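S.K.: Input run36.cif, format and content: mmCIF, C-alpha atoms.
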```
data_query
loop_
_atom_site.label_atom_id
_atom_site.label_comp_id
_atom_site.auth_asym_id
_atom_site.auth_seq_id
_atom_site.Cartn_x
_atom_site.Cartn_y
_atom_site.Cartn_z
CA MET R 69 93.51 80.30 99.37
CA PRO R 70 90.71 82.71 98.61
CA SER R 71 91.27 86.42 98.97
CA VAL R 72 89.92 88.57 101.75
CA ILE R 73 89.85 92.36 101.65
CA LEU R 74 89.02 93.96 104.96
CA ARG R 75 87.46 97.32 105.61
CA ASP R 76 90.76 99.12 106.27
CA THR R 77 91.80 98.47 102.70
CA LYS R 78 91.06 100.42 99.58
CA LEU R 79 91.76 99.02 96.13
CA GLN R 80 91.72 101.08 92.99
CA GLY R 81 91.95 98.99 89.86
CA ASN R 82 90.80 95.75 88.34
CA ILE R 83 90.80 92.48 90.24
CA THR R 84 90.96 89.06 88.63
CA GLN R 85 90.66 86.10 90.92
CA LYS R 86 90.37 82.47 89.86
CA ASP R 87 88.50 81.31 92.96
CA SER R 88 86.59 83.08 95.67
CA ILE R 89 86.99 86.65 96.90
CA THR R 90 85.49 88.22 100.00
CA ILE R 91 85.30 91.99 100.21
CA ASP R 92 84.59 94.18 103.21
CA GLY R 93 86.54 97.22 102.03
CA ILE R 94 86.41 99.82 99.31
CA VAL R 95 86.99 98.81 95.72
CA VAL R 96 86.95 101.10 92.71
CA GLY R 97 87.21 98.96 89.61
CA ASP R 98 85.96 95.77 88.04
CA ILE R 99 86.02 92.41 89.76
CA LYS R 100 86.18 89.05 88.00
CA ALA R 101 86.08 85.89 90.04
CA GLU R 102 84.41 82.53 90.45
CA GLU R 103 82.60 83.64 93.56
CA VAL R 104 82.28 87.12 95.05
CA ILE R 105 81.07 87.72 98.59
CA ILE R 106 80.45 91.31 99.59
CA HIS R 107 80.04 92.15 103.24
CA GLU R 108 78.10 95.00 104.74
CA ASN R 109 80.96 97.47 105.14
CA ALA R 110 82.00 97.12 101.54
CA ASN R 111 81.61 99.87 99.01
CA ILE R 112 82.17 98.91 95.42
CA THR R 113 82.12 101.07 92.34
CA GLY R 114 82.52 98.92 89.26
CA ASN R 115 81.22 95.86 87.53
CA ILE R 116 81.26 92.44 89.12
CA MET R 117 81.43 89.31 87.03
CA ALA R 118 81.29 85.97 88.79
CA ASP R 119 80.96 82.47 87.36
CA ASN R 120 78.97 80.93 90.15
CA ASN R 121 77.77 83.20 92.84
CA ILE R 122 77.53 86.77 94.05
CA GLU R 123 76.47 87.40 97.61
CA VAL R 124 75.79 91.06 98.40
CA GLY R 125 75.54 92.71 101.80
CA GLY R 126 77.14 96.05 101.03
CA GLN R 127 76.94 98.97 98.68
CA ILE R 128 77.49 98.50 94.98
CA THR R 129 77.30 100.88 92.09
CA GLY R 130 77.75 98.94 88.88
CA ASP R 131 76.59 95.91 86.95
CA LEU R 132 76.47 92.41 88.37
CA SER R 133 76.47 89.23 86.38
CA SER R 134 76.53 85.71 87.74
CA ASP R 135 74.65 82.41 87.68
CA ARG R 136 73.31 83.11 91.11
CA ILE R 137 72.92 86.50 92.76
CA HIS R 138 71.76 86.93 96.30
CA LEU R 139 71.06 90.33 97.83
CA ASN R 140 71.01 90.39 101.63
CA ASN R 141 68.96 92.70 103.78
CA THR R 142 71.86 95.16 104.15
CA ALA R 143 72.49 95.41 100.41
CA LYS R 144 72.39 98.71 98.56
CA VAL R 145 72.68 98.16 94.86
CA LYS R 146 72.49 100.47 91.89
CA GLY R 147 72.95 99.06 88.41
CA LYS R 148 72.07 96.21 86.08
CA LEU R 149 71.80 92.58 87.09
CA PHE R 150 72.23 89.57 84.82
CA HIS R 151 71.54 86.22 86.39
CA LYS R 152 70.01 82.78 86.21
CA ASN R 153 68.82 82.84 89.80
CA LEU R 154 68.12 85.94 91.82
CA GLY R 155 67.34 86.11 95.51
CA VAL R 156 66.47 89.30 97.41
CA ASP R 157 66.06 89.60 101.15
CA GLU R 158 63.64 91.94 102.84
CA GLY R 159 65.26 95.30 103.48
CA ALA R 160 67.57 95.47 100.50
CA GLN R 161 67.74 98.92 98.95
CA LEU R 162 67.75 98.64 95.21
CA GLU R 163 67.80 100.76 92.13
CA ILE R 164 68.29 98.07 89.55
CA THR R 165 67.19 96.60 86.28
CA SER R 166 67.48 92.88 86.35
CA SER R 167 67.25 90.34 83.60
CA THR R 168 67.26 86.57 83.72
CA ARG R 169 69.41 84.80 81.17
CA LYS R 170 69.65 81.16 80.28
CA LYS R 171 73.39 81.34 80.11
CA ILE R 172 75.80 83.72 81.72
CA THR R 173 79.13 84.09 79.98
CA ASN R 174 81.86 86.03 81.65
CA ASN R 175 84.91 84.59 79.95
CA ASN R 176 86.76 84.55 83.23
CA LYS R 177 88.63 81.42 82.27
CA GLU R 178 91.93 82.04 80.61
CA MET O 10 71.08 97.85 110.85
CA PHE O 11 73.34 99.93 108.74
CA PHE O 12 74.13 102.39 111.45
CA LYS O 13 74.93 99.71 113.92
CA SER O 14 77.55 98.20 111.71
CA ASP O 15 78.97 101.63 110.88
CA LYS O 16 79.72 102.20 114.51
CA LYS O 17 81.45 98.89 114.69
CA SER O 18 83.63 99.68 111.71
CA GLN O 19 85.28 102.52 113.60
CA ASN O 20 86.76 100.02 115.97
CA GLN O 21 89.81 97.91 115.47
CA ILE O 22 89.95 95.15 112.97
CA ASP O 23 91.03 91.64 113.75
CA GLY O 24 93.26 89.95 111.24
CA PHE O 25 94.47 91.27 107.94
CA SER O 26 93.57 91.43 104.30
CA HIS O 27 94.86 88.63 102.14
CA LEU O 28 95.26 88.61 98.40
CA GLY O 29 95.36 84.95 97.41
CA GLU O 30 97.62 83.05 95.05
CA ASN O 31 95.13 83.12 92.21
CA LEU O 32 94.57 86.82 92.34
CA ARG O 33 95.78 89.35 89.87
CA PHE O 34 95.37 93.01 90.56
CA GLU O 35 96.36 96.11 88.66
CA GLY O 36 96.03 99.41 90.43
CA GLU O 37 96.56 101.14 93.71
CA ILE O 38 96.26 99.62 97.17
CA ASP O 39 95.74 101.78 100.23
CA CYS O 40 95.57 99.80 103.46
CA LYS O 41 95.41 101.31 106.94
CA GLY O 42 96.28 98.00 108.56
CA GLU O 43 97.99 94.82 107.58
CA ILE O 44 97.92 93.19 104.18
CA GLU O 45 99.34 89.96 102.83
CA ILE O 46 99.97 89.34 99.16
CA ALA O 47 100.29 85.87 97.66
CA GLY O 48 99.17 86.84 94.16
CA LYS O 49 100.35 89.23 91.48
CA VAL O 50 100.01 92.95 91.99
CA LYS O 51 100.97 95.71 89.58
CA GLY O 52 100.80 99.16 91.07
CA ASN O 53 101.68 101.19 94.10
CA ILE O 54 100.99 99.98 97.61
CA LYS O 55 100.54 102.03 100.75
CA ALA O 56 100.06 100.11 103.98
CA LYS O 57 100.98 99.96 107.61
CA LYS O 58 102.28 96.46 107.32
CA LEU O 59 102.84 94.59 104.11
CA ARG O 60 103.87 90.99 103.65
CA ILE O 61 104.73 89.63 100.23
CA LEU O 62 104.55 85.86 100.48
CA GLU O 63 106.69 83.39 98.55
CA THR O 64 104.15 83.07 95.76
CA GLY O 65 103.54 86.80 95.70
CA SER O 66 104.94 89.26 93.23
CA VAL O 67 104.67 93.02 93.30
CA LYS O 68 105.57 95.58 90.66
CA GLY O 69 105.48 99.15 91.83
CA LEU O 70 106.36 101.51 94.64
CA VAL O 71 105.82 100.27 98.17
CA GLN O 72 105.38 102.76 101.03
CA THR O 73 104.85 101.16 104.43
CA ASP O 74 105.83 101.13 108.07
CA ASP O 75 106.84 97.51 108.00
CA VAL O 76 107.48 95.39 104.98
CA GLU O 77 108.38 91.73 104.73
CA VAL O 78 109.45 90.38 101.38
CA LEU O 79 109.48 86.61 101.00
CA GLY O 80 108.64 86.64 97.30
CA HIS O 81 109.30 88.81 94.27
CA MET O 82 109.39 92.55 94.29
CA ILE O 83 110.18 94.90 91.42
CA GLY O 84 110.29 98.54 92.36
CA ASN O 85 111.38 100.76 95.18
CA ILE O 86 110.57 100.24 98.83
CA GLU O 87 110.19 103.09 101.30
CA SER O 88 109.62 101.74 104.76
CA GLN O 89 110.68 102.12 108.37
CA ASN O 90 111.54 98.47 108.73
CA ILE O 91 112.42 96.15 105.91
CA TYR O 92 112.76 92.40 106.22
CA ILE O 93 113.84 90.26 103.33
CA GLY O 94 113.51 86.49 103.59
CA ASN O 95 115.94 83.96 102.16
CA LYS O 96 113.86 83.49 99.03
CA GLY O 97 113.18 87.16 98.58
CA VAL O 98 114.00 88.73 95.23
CA ILE O 99 114.24 92.49 94.91
CA ARG O 100 114.91 94.63 91.89
CA GLY O 101 114.82 98.17 93.11
CA ASN O 102 116.02 100.58 95.73
CA LEU O 103 115.50 100.19 99.44
CA HIS O 104 114.94 103.23 101.65
CA PHE O 105 114.53 102.49 105.33
CA GLU O 106 114.51 104.43 108.58
CA ASN O 107 115.02 101.91 111.35
CA ASN O 108 115.94 98.38 110.53
CA LEU O 109 116.92 96.44 107.51
CA THR O 110 117.12 92.68 107.79
CA VAL O 111 118.32 90.51 104.99
CA LEU O 112 118.50 86.76 105.31
CA GLU O 113 121.13 84.66 103.62
CA GLY O 114 120.00 83.72 100.15
CA ALA O 115 118.08 86.88 99.39
CA ASP O 116 118.60 88.29 95.94
CA ILE O 117 118.81 92.06 95.79
CA SER O 118 119.89 94.51 93.15
CA GLY O 119 119.43 98.17 93.83
CA HIS O 120 120.59 100.93 96.09
CA VAL O 121 120.18 100.65 99.82
CA GLN O 122 119.83 103.83 101.80
CA LYS O 123 119.00 104.79 105.33
CA ASN O 124 116.90 107.91 105.72
CA LYS O 125 116.76 110.29 108.68
CA LYS O 126 116.95 109.14 112.30
CA GLU O 127 120.37 108.45 113.72
CA LYS O 128 119.57 105.62 116.06
CA ALA O 129 121.45 102.36 115.70
CA LYS O 130 123.60 103.75 112.96
CA ARG O 131 126.51 101.41 113.34
CA LEU O 132 124.40 98.32 113.31
CA ASP O 133 122.78 99.39 110.11
CA THR O 134 125.97 100.23 108.28
CA ASP O 135 127.18 96.76 109.14
CA LYS O 136 124.05 95.42 107.62
CA VAL O 137 124.49 97.52 104.52
CA LYS O 138 128.00 96.20 104.12
CA TYR O 139 126.71 92.71 104.50
CA LEU O 140 124.06 93.43 101.96
CA GLU O 141 126.54 94.75 99.45
CA ASP O 142 128.72 91.72 99.90
CA ASN O 143 125.70 89.63 99.38
CA ARG O 144 124.90 91.50 96.21
CA ALA O 145 128.42 91.11 94.88
CA ALA O 146 128.22 87.41 95.58
CA SER O 147 124.99 86.89 93.72
#
```
Before we go any further, please render this structure as structure tokens.
M.R.:
Amino acid sequence: MPSVILRDTKLQGNITQKDSITIDGIVVGDIKAEEVIIHENANITGNIMADNNIEVGGQITGDLSSDRIHLNNTAKVKGKLFHKNLGVDEGAQLEITSSTRKKITNNNKE
Amino acid sequence: MFFKSDKKSQNQIDGFSHLGENLRFEGEIDCKGEIEIAGKVKGNIKAKKLRILETGSVKGLVQTDDVEVLGHMIGNIESQNIYIGNKGVIRGNLHFENNLTVLEGADISGHVQKNKKEKAKRLDTDKVKYLEDNRAAS
């Protein structure tokens, strides 16, 4: 079952998840997963590395790397983006440098 | 849009956080509500209600109001109510204030101590005795 972190929860440290993780809380630390979904109440300080997909609706300070990155209209992102596909909705607040790569390697697989 | 959702976040939260089977986490957890752990966690946990599921394993100090251990737990527990399921494994001390429940089959090694509050004393000492017997048996 995928993980869910609600907004009453604060995690300090590194997270490694083999499938999907949904975050609506506060995370200080790096996140590695197959898919990361960040909701609008989330506040993340740290790098996010996903194999497939990152969906952002909250605040992030840190680098993102994934095959596909989608920034929703509530997203606030500060950092570097590495991606194959990038989507940005109207209203997203960004302070980013983004670069498209042919291949994203995260070495998440053990 | 942002402000609207901020207002909402002050209100109560339905459900609870869940750390899945495939999750590994090292660090501190601070949860104001309920949290369920099915993965591996190394580090201290503070929560109102914590449930360690059968596949879950926790290493570190646990400070909660209610804790339910159905999986593995290494470290001390400080909680008002402690519940240990029949497949629960605990290596560490238990400090509780109200109730301690241990099901048959639980595996515990460590000290068990009741802190403060005098309510339901007798009941609890019976449980402690039971627990010690249980420990001797295992």
S.K.: Can you tell me, as lines of an AutoDock Vina configuration file, the centre and edge lengths (Å, one decimal) of the axis-aligned box enclosing all of stretch 37-53 of chain O's listed atoms after padding each side by 5 Å?
M.R.:
```
center_x = 98.5
center_y = 93.8
center_z = 99.1
size_x = 16.3
size_y = 25.9
size_z = 29.0
```
S.K.: Using only C-alpha atoms, which residue out of R:Gln161, R:Asn120, R:Thr142, R:Ser134 lies closest to chain O?
M.R.: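 Closest to chain O, using only C-alpha atoms: R:Thr142.
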S.K.: Please, which residues are within 12 Å of (99.0, 96.6, 91.3) by the file's coordinates, counting all atoms listed in the file, and could they come as a ChimeraX atom specification?
M.R.: /R:79-84 /O:28,32-39,46,48-55,65-71,82-84
S.K.: Mind giving me the straight-line distance from atom CA of R:His107 to atom CA of R:Thr90 in Å, one decimal?
M.R.: 7.5 Å
S.K.: Find the spatial neighbours of R:Ala118, counting all atoms listed in the file, within a cut-off of 8 Å - ignore same-chain residues fewer than 6 positions away - and output them as a PDB file with C-alpha atoms, in the frame of the given file.
M.R.:
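Contents of result-v9.pdb, as written:
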```pdb
ATOM      1  CA  LYS R 100      86.180  89.050  88.000  1.00  0.00           C
ATOM      2  CA  ALA R 101      86.080  85.890  90.040  1.00  0.00           C
ATOM      3  CA  GLU R 102      84.410  82.530  90.450  1.00  0.00           C
ATOM      4  CA  GLU R 103      82.600  83.640  93.560  1.00  0.00           C
ATOM      5  CA  VAL R 104      82.280  87.120  95.050  1.00  0.00           C
ATOM      6  CA  SER R 133      76.470  89.230  86.380  1.00  0.00           C
ATOM      7  CA  SER R 134      76.530  85.710  87.740  1.00  0.00           C
ATOM      8  CA  ASP R 135      74.650  82.410  87.680  1.00  0.00           C
ATOM      9  CA  ASN R 174      81.860  86.030  81.650  1.00  0.00           C
ATOM     10  CA  ASN R 176      86.760  84.550  83.230  1.00  0.00           C
TER      11      ASN R 176
END
```
S.K.: Pull the neighbourhood of (105.7, 92.0, 103.3) for me: all residues within 9 Å in file coordinates, counting only C-alpha atoms, as a PyMOL selection string.
M.R.: chain O and resi 44-46+58-62+75-80+91-93
S.K.: Show me, as an NGL selection string, the residues of chain R whose atoms get within 10 Å of chain O, using only C-alpha atoms for the distance check.
M.R.: :R and (69-97 or 99-101 or 108-109 or 126 or 141-143 or 159)
S.K.: Going by the chain IDs and residue numbers used in this file, which residues fall under the PyMOL selection byres ((chain R and resi 114) around 6)? Write them as a list in words.
M.R.: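 After applying the PyMOL selection byres ((chain R and resi 114) around 6), what remains is Gly97, Asp98, Thr113, Asn115 and Gly130 of chain R.
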S.K.: Atom CA of R:Thr129 and atom CA of R:Ile105 are how many Å apart?
M.R.: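 Here the two named atoms are 15.2 Å from each other.
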S.K.: Which of these residues is nearest to O:Val111, using all atoms listed in the file: O:Arg144, O:Lys57, O:Lys136, O:Lys123?
M.R.: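 Checking each of O:Arg144, O:Lys57, O:Lys136, O:Lys123 against O:Val111, counting all atoms listed in the file, the winner is O:Lys136.
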S.K.: Between R:Asn153, R:Thr173, R:Asn111, R:Ser167, which has the minimum distance to R:Gly125 (counting only C-alpha atoms)?
M.R.: R:Asn111
S.K.: Have a look at atom CA of R:Thr165 and atom CA of R:Ile106 and let me know their distance in Å, one decimal.
M.R.: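 Value for the atom CA of R:Thr165-atom CA of R:Ile106 distance: 19.5 Å.
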S.K.: Determine, counting all atoms listed in the file, which protein, DNA and RNA residues have an atom within 10 Å of an atom of O:Ser118; residues of the same chain fewer than 3 positions away are not included. Present the result as JSON, numbers by chain.
M.R.: {"O": [83, 98, 99, 100, 101, 102, 103, 121, 140, 141, 143, 144, 145, 147]}
S.K.: Return the single residue from O:Thr73, O:Phe105, O:His81, O:Gln89 that is closest to O:Ile117, with distances computed using all atoms listed in the file.
M.R.: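 Smallest separation from O:Ile117 among the options: O:His81.
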S.K.: Using only C-alpha atoms, which protein or nucleic acid residues come within 7 Å of R:Ile137? Drop anything in the same chain fewer than 5 positions from it, and give the result as a ChimeraX atom specification.
M.R.: /R:121-123,151,153-155
S.K.: Leaving out R:Leu132 and any residue of its chain fewer than 5 positions from it, which residues lie within 8 Å of it when counting all atoms listed in the file, given as a list in words?
M.R.: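 In the requested form, the answer reads Asn115, Ile116, Met117, Gly147, Lys148, Leu149 and Phe150 of chain R.
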